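target-v3.cif, holding mmCIF, C-alpha atoms:
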```cif
data_work
#
loop_
_atom_site.label_atom_id
_atom_site.label_comp_id
_atom_site.auth_asym_id
_atom_site.auth_seq_id
_atom_site.Cartn_x
_atom_site.Cartn_y
_atom_site.Cartn_z
CA MET A 13 17.85 21.39 -40.75
CA SER A 14 17.18 17.65 -40.54
CA PRO A 15 13.97 16.40 -39.01
CA THR A 16 14.40 14.95 -35.59
CA ALA A 17 13.00 11.58 -34.60
CA PRO A 18 10.12 11.74 -32.16
CA ALA A 19 11.16 11.21 -28.59
CA GLN A 20 10.53 7.67 -27.48
CA ARG A 21 8.94 7.08 -24.15
CA PRO A 22 10.62 4.50 -22.02
CA ALA A 23 8.65 1.28 -21.74
CA PRO A 24 6.71 1.13 -18.50
CA ARG A 25 8.32 -1.02 -15.88
CA THR A 26 6.35 -4.08 -15.06
CA ARG A 27 6.50 -5.63 -11.67
CA PRO A 28 7.32 -9.29 -11.59
CA THR A 29 4.29 -11.33 -10.72
CA PRO A 30 4.58 -12.58 -7.15
CA PRO A 31 4.81 -16.34 -6.92
CA THR A 32 1.61 -18.08 -5.98
CA ALA A 33 1.24 -19.44 -2.49
CA ALA A 34 1.35 -22.97 -3.89
CA ALA A 35 4.64 -22.37 -5.72
CA THR A 36 6.26 -20.86 -2.64
CA LEU A 37 4.97 -23.65 -0.42
CA ARG A 38 6.21 -26.28 -2.86
CA ARG A 39 9.78 -24.94 -2.68
CA LEU A 40 9.53 -24.48 1.09
CA TYR A 41 8.24 -28.02 1.60
CA PHE A 42 11.02 -29.52 -0.52
CA LEU A 43 13.49 -27.60 1.64
CA ARG A 44 11.79 -28.82 4.80
CA PHE A 45 11.99 -32.42 3.61
CA GLY A 46 15.72 -32.10 2.90
CA PHE A 47 16.38 -30.45 6.24
CA ALA A 48 14.37 -33.06 8.16
CA ALA A 49 16.18 -35.95 6.44
CA VAL A 50 19.65 -34.55 7.20
CA TRP A 51 18.66 -33.52 10.73
CA ALA A 52 17.19 -36.96 11.50
CA ALA A 53 20.33 -38.71 10.26
CA LEU A 54 22.59 -36.49 12.37
CA LEU A 55 20.48 -36.87 15.50
CA PHE A 56 20.24 -40.63 15.02
CA THR A 57 24.04 -40.91 15.19
CA THR A 58 24.10 -39.08 18.54
CA ALA A 59 20.79 -40.25 20.01
CA ASP A 60 22.20 -42.32 22.89
CA THR A 61 23.61 -39.37 24.77
CA LEU A 62 22.77 -35.72 25.19
CA GLY A 63 25.99 -33.97 24.17
CA PRO A 64 26.76 -30.60 22.61
CA LEU A 65 25.97 -31.78 19.05
CA SER A 66 22.62 -33.38 19.92
CA ALA A 67 21.65 -30.39 22.10
CA THR A 68 22.45 -28.02 19.23
CA LEU A 69 20.43 -30.14 16.82
CA LEU A 70 17.47 -30.19 19.20
CA VAL A 71 17.34 -26.40 19.42
CA LEU A 72 18.02 -25.98 15.69
CA TYR A 73 14.92 -27.96 14.64
CA PRO A 74 12.27 -25.62 16.13
CA ALA A 75 14.38 -22.58 15.18
CA PHE A 76 14.29 -23.76 11.54
CA ASP A 77 10.54 -24.25 11.93
CA VAL A 78 10.21 -20.60 12.98
CA ALA A 79 12.13 -19.44 9.88
CA CYS A 80 9.96 -21.59 7.61
CA ALA A 81 6.76 -20.31 9.23
CA ILE A 82 7.86 -16.70 8.66
CA VAL A 83 8.44 -17.41 4.94
CA ASP A 84 5.05 -19.12 4.85
CA ILE A 85 3.36 -16.14 6.54
CA ARG A 86 4.80 -13.67 4.04
CA SER A 87 3.73 -15.75 1.07
CA THR A 88 0.29 -16.53 2.44
CA ARG A 89 -0.39 -12.91 3.39
CA ALA A 90 0.73 -11.69 -0.07
CA ASN A 91 -1.75 -14.09 -1.64
CA GLY A 92 -4.62 -13.19 0.70
CA GLY A 93 -4.61 -16.41 2.72
CA PRO A 94 -5.22 -16.96 6.46
CA VAL A 95 -2.14 -16.63 8.68
CA ARG A 96 -3.45 -16.95 12.24
CA GLY A 97 -2.37 -20.59 12.60
CA LEU A 98 1.05 -19.75 11.20
CA TYR A 99 1.56 -17.05 13.85
CA ALA A 100 0.63 -19.61 16.49
CA ASN A 101 3.28 -21.91 15.00
CA VAL A 102 5.94 -19.18 15.27
CA VAL A 103 5.11 -18.63 18.94
CA LEU A 104 5.05 -22.35 19.77
CA SER A 105 8.32 -23.10 17.97
CA THR A 106 10.08 -20.10 19.52
CA LEU A 107 9.01 -21.18 23.01
CA THR A 108 10.10 -24.72 22.20
CA ALA A 109 13.58 -23.62 21.11
CA ILE A 110 13.94 -21.74 24.39
CA GLY A 111 12.51 -24.67 26.36
CA LEU A 112 14.86 -27.15 24.71
CA THR A 113 17.85 -24.93 25.46
CA VAL A 114 16.97 -25.19 29.14
CA ALA A 115 15.85 -28.84 29.04
CA ALA A 116 19.09 -29.96 27.38
CA THR A 117 20.92 -29.08 30.60
CA SER A 118 18.59 -31.36 32.61
CA GLY A 119 18.74 -34.56 30.56
CA ILE A 120 16.85 -36.59 27.99
CA PRO A 121 13.59 -36.94 29.98
CA ALA A 122 13.25 -33.14 30.20
CA VAL A 123 13.93 -32.87 26.45
CA LEU A 124 11.26 -35.47 25.71
CA HIS A 125 8.73 -33.57 27.85
CA VAL A 126 9.36 -30.30 26.00
CA TRP A 127 9.45 -31.96 22.58
CA GLY A 128 6.31 -33.93 23.38
CA ALA A 129 4.37 -30.83 24.40
CA TRP A 130 5.52 -29.11 21.20
CA ALA A 131 4.57 -32.08 19.03
CA VAL A 132 1.06 -32.14 20.51
CA THR A 133 0.37 -28.41 20.16
CA ALA A 134 2.16 -27.92 16.83
CA GLY A 135 0.39 -30.98 15.48
CA LEU A 136 -2.99 -29.45 16.28
CA VAL A 137 -1.94 -26.21 14.57
CA GLN A 138 -0.66 -28.10 11.51
CA LEU A 139 -3.90 -30.04 11.29
CA THR A 140 -5.89 -26.78 11.40
CA VAL A 141 -3.70 -25.03 8.79
CA GLY A 142 -3.86 -28.08 6.51
CA ALA A 143 -7.65 -28.15 6.73
CA ALA A 144 -7.83 -24.43 5.91
CA ARG A 145 -5.61 -24.99 2.84
CA ARG A 146 -7.36 -28.08 1.51
CA ARG A 147 -8.30 -26.31 -1.76
CA MET A 148 -4.60 -26.04 -2.61
CA GLY A 149 -4.36 -29.81 -2.97
CA GLY A 150 -2.09 -32.29 -1.21
CA GLN A 151 -3.19 -31.14 2.22
CA TRP A 152 -4.28 -34.62 3.29
CA ALA A 153 -0.59 -35.23 4.11
CA MET A 154 -0.42 -32.11 6.31
CA ILE A 155 -3.65 -33.06 8.05
CA ALA A 156 -2.40 -36.60 8.65
CA SER A 157 0.98 -35.28 9.79
CA GLY A 158 -0.70 -32.98 12.31
CA ALA A 159 -2.77 -35.83 13.73
CA ILE A 160 0.25 -38.15 13.93
CA SER A 161 2.34 -35.39 15.53
CA THR A 162 -0.26 -34.99 18.25
CA LEU A 163 -0.22 -38.71 19.03
CA ALA A 164 3.58 -38.88 18.82
CA GLY A 165 3.89 -35.99 21.24
CA ALA A 166 1.83 -37.88 23.80
CA SER A 167 4.10 -40.91 23.33
CA PHE A 168 7.23 -38.78 23.88
CA ILE A 169 5.81 -37.53 27.17
CA ALA A 170 4.98 -41.11 28.19
CA GLN A 171 8.51 -42.20 27.20
CA ALA A 172 9.98 -39.39 29.30
CA ASN A 173 8.13 -40.77 32.32
CA SER A 174 9.41 -44.29 31.73
CA GLY A 175 12.88 -45.56 32.56
CA ASP A 176 13.82 -46.10 28.91
CA THR A 177 14.69 -42.73 27.39
CA ALA A 178 16.59 -41.98 24.19
CA LEU A 179 16.44 -39.41 21.41
CA THR A 180 16.11 -42.02 18.65
CA SER A 181 12.35 -41.62 18.45
CA LEU A 182 12.77 -37.90 17.70
CA SER A 183 14.84 -38.63 14.61
CA GLY A 184 12.13 -40.98 13.31
CA TYR A 185 9.48 -38.36 14.08
CA ALA A 186 11.38 -35.66 12.17
CA PHE A 187 12.03 -37.89 9.17
CA LEU A 188 8.38 -38.93 8.93
CA GLY A 189 7.35 -35.27 9.16
CA GLY A 190 9.74 -34.53 6.30
CA VAL A 191 8.15 -37.27 4.20
CA PHE A 192 4.74 -35.65 4.76
CA PHE A 193 6.16 -32.30 3.60
CA LEU A 194 7.53 -34.03 0.49
CA ALA A 195 4.17 -35.67 -0.23
CA THR A 196 2.42 -32.33 0.08
CA ALA A 197 4.96 -30.56 -2.14
CA LEU A 198 4.42 -33.14 -4.88
CA ARG A 199 0.63 -32.74 -4.69
CA LEU A 200 0.26 -28.97 -4.38
CA ASN A 201 -1.78 -27.37 -7.16
CA HIS A 202 -0.58 -24.44 -9.21
CA THR A 203 -4.06 -22.97 -8.89
CA PRO A 204 -6.64 -23.54 -6.17
CA THR A 205 -9.29 -26.16 -6.78
CA ASP A 206 -12.39 -27.27 -4.98
CA ALA A 207 -10.90 -30.67 -4.19
#
```

Show me this structure written as C-alpha coordinates.
Amino acid sequence: MSPTAPAQRPAPRTRPTPPTAAATLRRLYFLRFGFAAVWAALLFTTADTLGPLSATLLVLYPAFDVACAIVDIRSTRANGGPVRGLYANVVLSTLTAIGLTVAATSGIPAVLHVWGAWAVTAGLVQLTVGAARRRMGGQWAMIASGAISTLAGASFIAQANSGDTALTSLSGYAFLGGVFFLATALRLNHTPTDA
(Lines of atoms letter the chains of each structure in order from A and count residues from 1; the text may use other names and numbers.)
(Lines give C-alpha, C1' and ligand atoms only; values in the text may rest on other atoms or scores of the structure.)
Protein backbone atom coordinates (compact mmCIF):
# COMPACT_ATOMS: atom_id res chain seq x y z
CA MET A 1 0.00 0.00 0.00
CA SER A 2 1.55 3.30 -1.10
CA PRO A 3 1.46 6.28 1.20
CA THR A 4 -1.04 8.88 0.19
CA ALA A 5 -0.16 12.55 -0.09
CA PRO A 6 -1.73 14.73 2.57
CA ALA A 7 -4.87 16.44 1.44
CA GLN A 8 -4.21 20.00 0.40
CA ARG A 9 -6.52 22.69 1.58
CA PRO A 10 -7.69 25.06 -1.07
CA ALA A 11 -6.13 28.50 -0.78
CA PRO A 12 -8.47 30.93 0.92
CA ARG A 13 -10.23 33.23 -1.47
CA THR A 14 -9.22 36.81 -1.10
CA ARG A 15 -11.57 39.58 -1.90
CA PRO A 16 -10.28 42.17 -4.30
CA THR A 17 -9.50 45.38 -2.52
CA PRO A 18 -12.17 47.95 -3.31
CA PRO A 19 -10.83 50.92 -5.23
CA THR A 20 -10.21 54.00 -3.15
CA ALA A 21 -12.62 56.88 -3.41
CA ALA A 22 -9.92 58.94 -5.12
CA ALA A 23 -9.30 56.29 -7.80
CA THR A 24 -13.01 55.94 -8.53
CA LEU A 25 -13.49 59.71 -8.63
CA ARG A 26 -10.51 60.11 -10.95
CA ARG A 27 -12.04 57.73 -13.51
CA LEU A 28 -15.48 59.27 -13.05
CA TYR A 29 -14.15 62.80 -13.51
CA PHE A 30 -12.27 61.87 -16.68
CA LEU A 31 -15.53 60.42 -17.99
CA ARG A 32 -17.41 63.56 -17.00
CA PHE A 33 -14.89 65.74 -18.83
CA GLY A 34 -15.24 63.67 -22.01
CA PHE A 35 -19.02 63.71 -21.82
CA ALA A 36 -19.15 67.47 -21.21
CA ALA A 37 -16.83 68.20 -24.14
CA VAL A 38 -18.85 66.10 -26.59
CA TRP A 39 -22.17 67.37 -25.21
CA ALA A 40 -21.07 71.01 -25.46
CA ALA A 41 -19.94 70.55 -29.06
CA LEU A 42 -23.24 68.93 -30.05
CA LEU A 43 -25.35 71.56 -28.31
CA PHE A 44 -23.29 74.38 -29.81
CA THR A 45 -24.17 73.17 -33.32
CA THR A 46 -27.91 73.32 -32.51
CA ALA A 47 -27.96 76.25 -30.08
CA ASP A 48 -29.92 78.69 -32.26
CA THR A 49 -33.15 76.71 -32.16
CA LEU A 50 -34.86 74.38 -29.74
CA GLY A 51 -35.43 71.26 -31.83
CA PRO A 52 -35.65 67.56 -31.00
CA LEU A 53 -31.85 67.10 -30.86
CA SER A 54 -31.19 70.09 -28.59
CA ALA A 55 -34.15 69.17 -26.36
CA THR A 56 -32.81 65.62 -26.01
CA LEU A 57 -29.34 66.93 -25.20
CA LEU A 58 -30.75 69.28 -22.57
CA VAL A 59 -32.52 66.46 -20.73
CA LEU A 60 -29.57 64.08 -21.17
CA TYR A 61 -27.13 66.35 -19.32
CA PRO A 62 -28.82 66.28 -15.88
CA ALA A 63 -29.74 62.61 -16.39
CA PHE A 64 -26.04 61.83 -16.88
CA ASP A 65 -25.33 63.88 -13.76
CA VAL A 66 -27.72 61.65 -11.80
CA ALA A 67 -25.92 58.50 -13.01
CA CYS A 68 -22.53 59.96 -12.06
CA ALA A 69 -23.78 60.99 -8.62
CA ILE A 70 -25.05 57.45 -7.97
CA VAL A 71 -21.61 56.00 -8.84
CA ASP A 72 -20.05 58.64 -6.60
CA ILE A 73 -22.41 57.78 -3.72
CA ARG A 74 -21.58 54.07 -3.90
CA SER A 75 -17.86 54.71 -3.92
CA THR A 76 -17.97 57.33 -1.20
CA ARG A 77 -20.18 55.22 1.06
CA ALA A 78 -17.90 52.17 0.58
CA ASN A 79 -14.96 54.28 1.69
CA GLY A 80 -16.75 55.83 4.67
CA GLY A 81 -17.16 59.31 3.23
CA PRO A 82 -20.07 61.77 3.54
CA VAL A 83 -22.85 61.36 0.97
CA ARG A 84 -25.55 63.83 2.03
CA GLY A 85 -24.58 66.43 -0.58
CA LEU A 86 -24.47 63.75 -3.26
CA TYR A 87 -28.05 62.69 -2.47
CA ALA A 88 -29.08 66.34 -2.78
CA ASN A 89 -27.39 66.38 -6.19
CA VAL A 90 -29.38 63.31 -7.32
CA VAL A 91 -32.65 64.97 -6.31
CA LEU A 92 -31.79 68.31 -7.93
CA SER A 93 -30.62 66.74 -11.20
CA THR A 94 -33.65 64.44 -11.40
CA LEU A 95 -36.01 67.38 -10.90
CA THR A 96 -34.05 69.34 -13.49
CA ALA A 97 -34.34 66.58 -16.10
CA ILE A 98 -38.09 66.53 -15.53
CA GLY A 99 -38.26 70.34 -15.58
CA LEU A 100 -36.29 70.56 -18.81
CA THR A 101 -38.56 68.00 -20.46
CA VAL A 102 -41.49 70.31 -19.76
CA ALA A 103 -39.60 73.57 -20.42
CA ALA A 104 -38.40 72.37 -23.83
CA THR A 105 -42.01 72.50 -25.03
CA SER A 106 -42.28 76.16 -23.98
CA GLY A 107 -39.17 77.64 -25.59
CA ILE A 108 -35.63 78.75 -24.84
CA PRO A 109 -36.50 81.26 -22.08
CA ALA A 110 -38.22 78.52 -20.05
CA VAL A 111 -35.19 76.24 -20.57
CA LEU A 112 -32.85 78.98 -19.37
CA HIS A 113 -34.97 79.52 -16.24
CA VAL A 114 -34.86 75.82 -15.33
CA TRP A 115 -31.18 75.45 -16.20
CA GLY A 116 -30.34 78.62 -14.29
CA ALA A 117 -32.12 77.44 -11.14
CA TRP A 118 -30.29 74.10 -11.41
CA ALA A 119 -26.91 75.78 -11.93
CA VAL A 120 -27.40 77.92 -8.81
CA THR A 121 -28.52 75.10 -6.51
CA ALA A 122 -26.20 72.41 -7.91
CA GLY A 123 -23.33 74.87 -7.73
CA LEU A 124 -23.93 75.38 -4.03
CA VAL A 125 -24.02 71.60 -3.50
CA GLN A 126 -20.83 71.12 -5.53
CA LEU A 127 -19.08 73.82 -3.52
CA THR A 128 -20.11 72.10 -0.27
CA VAL A 129 -19.05 68.62 -1.45
CA GLY A 130 -15.72 69.98 -2.71
CA ALA A 131 -15.05 71.64 0.63
CA ALA A 132 -15.85 68.39 2.48
CA ARG A 133 -13.41 66.49 0.22
CA ARG A 134 -10.55 68.98 0.37
CA ARG A 135 -8.22 66.39 1.97
CA MET A 136 -8.41 64.31 -1.20
CA GLY A 137 -6.56 67.00 -3.13
CA GLY A 138 -7.56 68.89 -6.26
CA GLN A 139 -10.81 70.07 -4.74
CA TRP A 140 -10.04 73.74 -5.33
CA ALA A 141 -11.33 73.15 -8.89
CA MET A 142 -14.61 71.68 -7.61
CA ILE A 143 -15.02 74.54 -5.14
CA ALA A 144 -14.33 77.11 -7.86
CA SER A 145 -16.64 75.28 -10.26
CA GLY A 146 -19.45 75.35 -7.70
CA ALA A 147 -19.03 79.08 -7.14
CA ILE A 148 -18.90 79.80 -10.88
CA SER A 149 -21.94 77.58 -11.47
CA THR A 150 -23.92 79.59 -8.96
CA LEU A 151 -23.04 82.87 -10.67
CA ALA A 152 -23.64 81.40 -14.14
CA GLY A 153 -27.05 80.17 -13.08
CA ALA A 154 -28.04 83.69 -12.08
CA SER A 155 -26.85 84.94 -15.48
CA PHE A 156 -28.94 82.30 -17.30
CA ILE A 157 -32.04 83.46 -15.44
CA ALA A 158 -31.23 87.07 -16.32
CA GLN A 159 -30.70 86.06 -19.96
CA ALA A 160 -34.06 84.28 -19.98
CA ASN A 161 -35.72 87.54 -18.93
CA SER A 162 -33.99 89.52 -21.68
CA GLY A 163 -34.96 89.54 -25.34
CA ASP A 164 -31.74 87.84 -26.46
CA THR A 165 -32.03 84.13 -25.71
CA ALA A 166 -29.96 81.26 -27.09
CA LEU A 167 -28.57 77.98 -25.81
CA THR A 168 -24.97 78.83 -26.73
CA SER A 169 -24.11 79.91 -23.20
CA LEU A 170 -25.13 76.46 -21.89
CA SER A 171 -22.56 74.74 -24.09
CA GLY A 172 -19.83 77.03 -22.76
CA TYR A 173 -21.01 76.40 -19.20
CA ALA A 174 -20.91 72.61 -19.68
CA PHE A 175 -17.47 72.67 -21.30
CA LEU A 176 -16.00 74.82 -18.52
CA GLY A 177 -17.52 72.47 -15.94
CA GLY A 178 -15.86 69.57 -17.76
CA VAL A 179 -12.51 71.34 -17.61
CA PHE A 180 -12.91 71.68 -13.83
CA PHE A 181 -13.63 67.94 -13.58
CA LEU A 182 -10.48 67.27 -15.61
CA ALA A 183 -8.40 69.53 -13.37
CA THR A 184 -9.69 67.76 -10.29
CA ALA A 185 -9.05 64.30 -11.77
CA LEU A 186 -5.44 65.23 -12.48
CA ARG A 187 -4.93 66.50 -8.93
CA LEU A 188 -6.71 63.84 -6.88
CA ASN A 189 -4.49 62.07 -4.36
CA HIS A 190 -4.19 58.31 -4.12
CA THR A 191 -4.31 58.68 -0.34
CA PRO A 192 -5.89 61.46 1.71
CA THR A 193 -3.65 64.27 2.89
CA ASP A 194 -4.07 67.22 5.15
CA ALA A 195 -3.66 69.68 2.29

Find the nearest atom pair between each residue of segment 163-182 of chain A and segment 126-134 of chain A for residues within 9 Å, count all atoms listed in the file, give distances in Å to one decimal, sort rows by chain and ascending number, and present the table as a Markdown table.
```
| residue | atom | partner | partner_atom | distance |
| --- | --- | --- | --- | --- |
| A:Leu163 | CA | A:Val132 | CA | 6.9 |
| A:Ala164 | CA | A:Ala131 | CA | 6.9 |
| A:Gly165 | CA | A:Gly128 | CA | 3.8 |
| A:Ala166 | CA | A:Gly128 | CA | 6.0 |
| A:Ser167 | CA | A:Gly128 | CA | 7.3 |
| A:Phe168 | CA | A:Gly128 | CA | 5.0 |
| A:Ile169 | CA | A:Gly128 | CA | 5.3 |
| A:Ala170 | CA | A:Gly128 | CA | 8.7 |
| A:Ala172 | CA | A:Gly128 | CA | 8.9 |
| A:Leu182 | CA | A:Trp127 | CA | 8.4 |
```

Could you list, as a ChimeraX atom specification, every residue matched by the PyMOL selection byres ((chain A and resi 180) around 9) in this structure?
/A:52,55-60,177-179,181-185

Pull out every residue that the PyMOL selection byres ((chain A and resi 123) around 9) matches in the shown coordinates and put them as a list of chain:residue names.
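Listing what the PyMOL selection byres ((chain A and resi 123) around 9) selects in the shown file: A:Leu70, A:Gly111, A:Leu112, A:Thr113, A:Val114, A:Ala115, A:Ala116, A:Thr117, A:Ser118, A:Gly119, A:Ile120, A:Pro121, A:Ala122, A:Leu124, A:His125, A:Val126, A:Trp127, A:Gly128, A:Ala172, A:Leu179.
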
Could you work out how far atom CA of Pro64 of chain A lies from atom CA of Val50 of chain A, giving the answer in Å with one decimal?
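Between atom CA of Val50 of chain A and atom CA of Pro64 of chain A the gap works out to 17.4 Å.
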
Residues within 6 Å of segment 73-89 of chain A, all atoms listed in the file, excluding chain neighbours under 4 positions, as a ChimeraX atom specification:
/A:33,93,95,102,105,109

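Atom to atom, atom CA of Ala48 of chain A and atom CA of Gly189 of chain A stand 7.4 Å apart.
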